[in-house]
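Asks: Pasting my_file_22.pdb below, which is PDB, C-alpha atoms.
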```pdb
ATOM      1  CA  MET O  19       7.548 -58.057 -48.897
ATOM      2  CA  ILE O  20       8.741 -58.228 -45.300
ATOM      3  CA  ASN O  21       8.516 -54.415 -45.014
ATOM      4  CA  LYS O  22       4.856 -54.501 -46.077
ATOM      5  CA  LEU O  23       4.097 -57.215 -43.545
ATOM      6  CA  ILE O  24       5.832 -55.279 -40.740
ATOM      7  CA  ASN O  25       4.015 -52.051 -41.697
ATOM      8  CA  LYS O  26       0.676 -53.896 -41.695
ATOM      9  CA  LEU O  27       1.331 -55.367 -38.228
ATOM     10  CA  ILE O  28       2.405 -51.982 -36.847
ATOM     11  CA  HIS O  29      -0.733 -50.373 -38.325
ATOM     12  CA  LYS O  30      -3.011 -53.009 -36.674
ATOM     13  CA  LEU O  31      -1.149 -52.669 -33.378
ATOM     14  CA  MET O  32      -1.530 -48.863 -33.438
ATOM     15  CA  LYS O  33      -5.284 -49.183 -34.062
ATOM     16  CA  LYS O  34      -5.626 -51.525 -31.072
ATOM     17  CA  LEU O  35      -3.576 -49.191 -28.854
ATOM     18  CA  LYS O  36      -5.735 -46.215 -29.832
ATOM     19  CA  MET O  37      -8.892 -48.191 -29.080
ATOM     20  CA  ALA O  38      -7.475 -49.301 -25.707
ATOM     21  CA  ALA O  39      -6.610 -45.689 -24.810
ATOM     22  CA  VAL O  40     -10.127 -44.497 -25.702
ATOM     23  CA  LEU O  41     -11.695 -47.277 -23.619
ATOM     24  CA  ALA O  42      -9.411 -46.464 -20.663
ATOM     25  CA  VAL O  43     -10.400 -42.782 -20.779
ATOM     26  CA  LEU O  44     -14.097 -43.683 -20.930
ATOM     27  CA  ALA O  45     -13.736 -46.098 -18.011
ATOM     28  CA  LEU O  46     -11.971 -43.459 -15.907
ATOM     29  CA  ALA O  47     -14.660 -40.918 -16.756
ATOM     30  CA  GLY O  48     -17.308 -43.329 -15.515
ATOM     31  CA  VAL O  49     -15.447 -43.872 -12.243
ATOM     32  CA  ALA O  50     -14.873 -40.130 -11.775
ATOM     33  CA  SER O  51     -18.559 -39.337 -12.194
ATOM     34  CA  ALA O  52     -19.672 -41.866  -9.568
ATOM     35  CA  VAL O  53     -21.870 -40.354  -6.853
ATOM     36  CA  LEU O  54     -20.946 -40.867  -3.229
ATOM     37  CA  PRO O  55     -23.705 -41.910  -0.842
ATOM     38  CA  PRO O  56     -24.983 -39.195   1.500
ATOM     39  CA  PRO O  57     -23.337 -39.115   4.942
ATOM     40  CA  THR O  58     -25.023 -40.952   7.778
ATOM     41  CA  PRO O  59     -26.584 -38.977  10.649
ATOM     42  CA  ALA O  60     -23.655 -39.976  12.858
ATOM     43  CA  GLN O  61     -21.198 -38.593  10.288
ATOM     44  CA  VAL O  62     -23.206 -35.363  10.030
ATOM     45  CA  GLN O  63     -23.180 -34.974  13.833
ATOM     46  CA  ALA O  64     -19.447 -35.633  13.909
ATOM     47  CA  GLN O  65     -18.875 -32.994  11.223
ATOM     48  CA  VAL O  66     -21.012 -30.460  13.116
ATOM     49  CA  ALA O  67     -19.167 -31.179  16.363
ATOM     50  CA  LYS O  68     -15.799 -30.904  14.615
ATOM     51  CA  LYS O  69     -16.791 -27.555  13.051
ATOM     52  CA  ALA O  70     -18.068 -26.237  16.395
ATOM     53  CA  ALA O  71     -14.819 -27.256  18.096
ATOM     54  CA  ALA O  72     -12.765 -25.599  15.333
ATOM     55  CA  ASP O  73     -14.863 -22.417  15.577
ATOM     56  CA  ALA O  74     -14.455 -22.314  19.359
ATOM     57  CA  LYS O  75     -10.703 -22.846  19.021
ATOM     58  CA  ALA O  76     -10.472 -20.085  16.404
ATOM     59  CA  GLU O  77     -12.425 -17.686  18.643
ATOM     60  CA  GLN O  78     -10.202 -18.559  21.604
ATOM     61  CA  ASP O  79      -7.059 -18.045  19.511
ATOM     62  CA  LYS O  80      -8.395 -14.692  18.304
ATOM     63  CA  LEU O  81      -9.068 -13.526  21.838
ATOM     64  CA  LEU O  82      -5.643 -14.689  23.006
ATOM     65  CA  LEU O  83      -4.022 -12.822  20.122
ATOM     66  CA  LEU O  84      -5.956  -9.658  20.961
ATOM     67  CA  ALA O  85      -4.961  -9.962  24.616
ATOM     68  CA  LYS O  86      -1.305 -10.445  23.646
ATOM     69  CA  MET O  87      -1.426  -7.424  21.315
ATOM     70  CA  ASP O  88      -2.940  -5.336  24.114
ATOM     71  CA  ALA O  89      -0.247  -6.525  26.538
ATOM     72  CA  LEU O  90       2.520  -5.660  24.074
ATOM     73  CA  SER O  91       0.949  -2.270  23.358
ATOM     74  CA  ASN O  92       0.616  -1.493  27.050
ATOM     75  CA  ALA O  93       4.220  -2.581  27.687
ATOM     76  CA  TRP O  94       5.448  -0.342  24.866
ATOM     77  CA  ARG O  95       3.358   2.558  26.113
ATOM     78  CA  GLY O  96       4.777   2.000  29.603
ATOM     79  CA  LYS O  97       8.345   2.245  28.283
ATOM     80  CA  ALA O  98       7.661   5.107  25.871
ATOM     81  CA  GLY O  99       7.455   7.841  28.500
ATOM     82  CA  ALA O 100      10.648   6.728  30.223
ATOM     83  CA  LYS O 101      12.561   6.617  26.937
ATOM     84  CA  GLY O 102      11.247   9.951  25.687
ATOM     85  CA  TRP O 103       9.310   8.536  22.739
ATOM     86  CA  THR O 104       6.322  10.422  21.363
ATOM     87  CA  LEU O 105       3.187   8.839  22.766
ATOM     88  CA  ASN O 106      -0.074   9.416  20.906
ATOM     89  CA  PRO O 107      -3.400   8.588  22.574
ATOM     90  CA  GLN O 108      -4.991   5.252  21.725
ATOM     91  CA  THR O 109      -7.626   5.296  19.015
ATOM     92  CA  ALA O 110     -11.082   4.918  20.518
ATOM     93  CA  LEU O 111     -13.476   2.560  18.729
ATOM     94  CA  PRO O 112     -17.224   2.101  19.258
ATOM     95  CA  ALA O 113     -18.233  -0.645  21.666
ATOM     96  CA  PRO O 114     -19.393  -3.970  20.202
ATOM     97  CA  ALA O 115     -23.114  -4.674  19.959
ATOM     98  CA  ALA O 116     -22.912  -8.058  21.696
ATOM     99  CA  PRO O 117     -21.021  -8.507  24.956
ATOM    100  CA  ALA O 118     -17.410  -9.402  24.248
ATOM    101  CA  VAL O 119     -15.465 -12.080  26.066
ATOM    102  CA  ALA O 120     -12.113 -11.297  27.623
ATOM    103  CA  ALA O 121      -9.102 -13.596  27.238
ATOM    104  CA  ALA O 122      -9.916 -15.279  30.568
ATOM    105  CA  GLY O 123     -13.419 -16.182  29.333
ATOM    106  CA  VAL O 124     -15.178 -13.581  31.494
ATOM    107  CA  PRO O 125     -17.716 -11.388  29.655
ATOM    108  CA  VAL O 126     -16.642  -7.754  29.346
ATOM    109  CA  ALA O 127     -19.388  -5.297  30.243
ATOM    110  CA  VAL O 128     -19.418  -2.265  27.947
ATOM    111  CA  ALA O 129     -22.348   0.129  28.150
ATOM    112  CA  ALA O 130     -24.079   0.989  24.885
ATOM    113  CA  GLY O 131     -22.830   4.226  23.355
ATOM    114  CA  THR O 132     -19.534   4.172  25.226
ATOM    115  CA  VAL O 133     -16.129   3.758  23.673
ATOM    116  CA  ALA O 134     -14.118   0.582  24.213
ATOM    117  CA  THR O 135     -10.416   0.048  23.770
ATOM    118  CA  GLY O 136      -8.401  -3.122  23.544
ATOM    119  CA  ALA O 137      -9.720  -6.587  22.695
ATOM    120  CA  ALA O 138     -13.409  -5.697  22.963
ATOM    121  CA  ALA O 139     -13.024  -2.822  20.518
ATOM    122  CA  ALA O 140     -10.887  -4.792  18.077
ATOM    123  CA  LEU O 141     -13.564  -7.453  17.760
ATOM    124  CA  SER O 142     -16.024  -4.960  16.312
ATOM    125  CA  ALA O 143     -13.775  -2.514  14.474
ATOM    126  CA  PRO O 144     -15.556  -1.120  11.416
ATOM    127  CA  ALA O 145     -14.348  -2.444   8.074
ATOM    128  CA  THR O 146     -15.108   0.819   6.289
ATOM    129  CA  GLN O 147     -14.210   4.391   7.034
ATOM    130  CA  SER O 148     -16.365   7.463   6.687
ATOM    131  CA  ALA O 149     -13.875   9.616   4.778
ATOM    132  CA  PRO O 150     -10.652   9.305   2.823
ATOM    133  CA  SER O 151      -7.552   9.055   4.964
ATOM    134  CA  GLY O 152      -6.019  12.431   5.750
ATOM    135  CA  GLN O 153      -9.046  14.412   4.585
ATOM    136  CA  PRO O 154     -11.480  15.338   7.350
ATOM    137  CA  ALA O 155     -15.055  14.518   6.317
ATOM    138  CA  GLY O 156     -13.827  13.819   2.788
ATOM    139  CA  VAL O 157     -13.220  17.500   2.045
ATOM    140  CA  MET O 158      -9.823  18.629   0.783
ATOM    141  CA  THR O 159      -8.069  20.975   3.172
ATOM    142  CA  THR O 160      -7.114  24.499   2.081
ATOM    143  CA  THR O 161      -3.439  23.513   2.091
ATOM    144  CA  GLY O 162      -4.179  20.653  -0.298
ATOM    145  CA  ALA O 163      -6.402  22.801  -2.515
ATOM    146  CA  ASN O 164      -3.761  25.545  -2.776
ATOM    147  CA  ALA O 165      -0.842  23.190  -3.433
ATOM    148  CA  PRO O 166       0.536  23.414  -6.972
ATOM    149  CA  ILE O 167      -0.076  20.415  -9.176
ATOM    150  CA  THR O 168       3.254  19.077 -10.363
ATOM    151  CA  SER O 169       3.806  16.102 -12.596
ATOM    152  CA  GLU O 170       6.832  14.695 -14.394
ATOM    153  CA  LYS O 171       4.525  13.294 -17.034
ATOM    154  CA  SER O 172       2.955  16.624 -17.910
ATOM    155  CA  GLY O 173       6.305  18.439 -17.672
ATOM    156  CA  THR O 174       5.411  20.637 -14.687
ATOM    157  CA  ALA O 175       8.016  18.977 -12.442
ATOM    158  CA  ALA O 176      11.704  18.233 -12.784
ATOM    159  CA  PRO O 177      12.541  14.613 -13.614
ATOM    160  CA  SER O 178      13.419  12.350 -10.714
ATOM    161  CA  ALA O 179      17.000  11.277 -10.131
ATOM    162  CA  ASP O 180      16.106   7.672 -10.876
ATOM    163  CA  VAL O 181      14.807   8.447 -14.392
ATOM    164  CA  LYS O 182      16.964   7.080 -17.213
ATOM    165  CA  PRO O 183      18.773   9.742 -19.240
ATOM    166  CA  ALA O 184      17.650  10.365 -22.806
ATOM    167  CA  PRO O 185      19.512   8.273 -25.360
ATOM    168  CA  SER O 186      22.466   9.986 -26.945
ATOM    169  CA  PRO O 187      22.064  11.009 -30.580
ATOM    170  CA  ALA O 188      23.386   8.701 -33.274
ATOM    171  CA  PRO O 189      26.923   9.437 -34.464
ATOM    172  CA  ALA O 190      27.103  11.634 -37.558
ATOM    173  CA  THR O 191      29.493   9.341 -39.344
ATOM    174  CA  VAL O 192      29.303   5.605 -39.417
ATOM    175  CA  LYS O 193      32.353   3.625 -40.397
ATOM    176  CA  THR O 194      31.716   0.835 -42.833
ATOM    177  CA  ARG O 195      34.113  -1.422 -44.617
TER     178      ARG O 195
END
```
Show me this structure written as structure tokens.

Replies:
Amino acid sequence: MINKLINKLIHKLMKKLKMAAVLAVLALAGVASAVLPPPTPAQVQAQVAKKAAADAKAEQDKLLLLAKMDALSNAWRGKAGAKGWTLNPQTALPAPAAPAVAAAGVPVAVAAGTVATGAAAALSAPATQSAPSGQPAGVMTTTGANAPITSEKSGTAAPSADVKPAPSPAPATVKTR
């Protein structure tokens, strides 16, 4: 008799807990879907000013980084000849369309059609290239065309040293009890 009464109370309590959980989830969903009021004009102006300041800071940091990279490159190039290192010429890039700004904030004058190096060139470096790397104008060189095609997978090349050896064959006799 007491067991039935306890089971009945537990059953009612569980129903109430389930209902409370459902109501809590619904209440939280209502709060989560609340719409914020639009920002005031003063807040919008503050956001625009903050974004402009961040953009200016990012541009200044970029120019300082480019100037530092140029300084390090020039220092290395200055030491390279004295130490006997191979020194290749700098890669020339097309000049930027808009006038660039040097690290000191002074505009850099680059005539249209000329080639710029350093910070001004790095600001407008092309993101794409005209041909695959190592293949002039995208055409395979005669050396590449005449090279034999070798592949471990197709069996036309010897296996690499790091390839696992083939498993040894199973023993001919197996001892059992």

Asks: How many Å lie between atom CA of Gly162 of chain O and atom CA of Ala175 of chain O, rounded to one decimal?

Replies: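 Result for atom CA of Gly162 of chain O versus atom CA of Ala175 of chain O: 17.3 Å, one decimal.
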
Asks: What's the separation between atom CA of Trp103 of chain O and atom CA of Leu90 of chain O, in Å to one decimal place?

Replies: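 Pair atom CA of Trp103 of chain O / atom CA of Leu90 of chain O returns 15.8 Å.
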
Asks: Which distance in Å separates atom CA of Ala42 of chain O and atom CA of Leu54 of chain O, to one decimal?

Replies: 21.6 Å
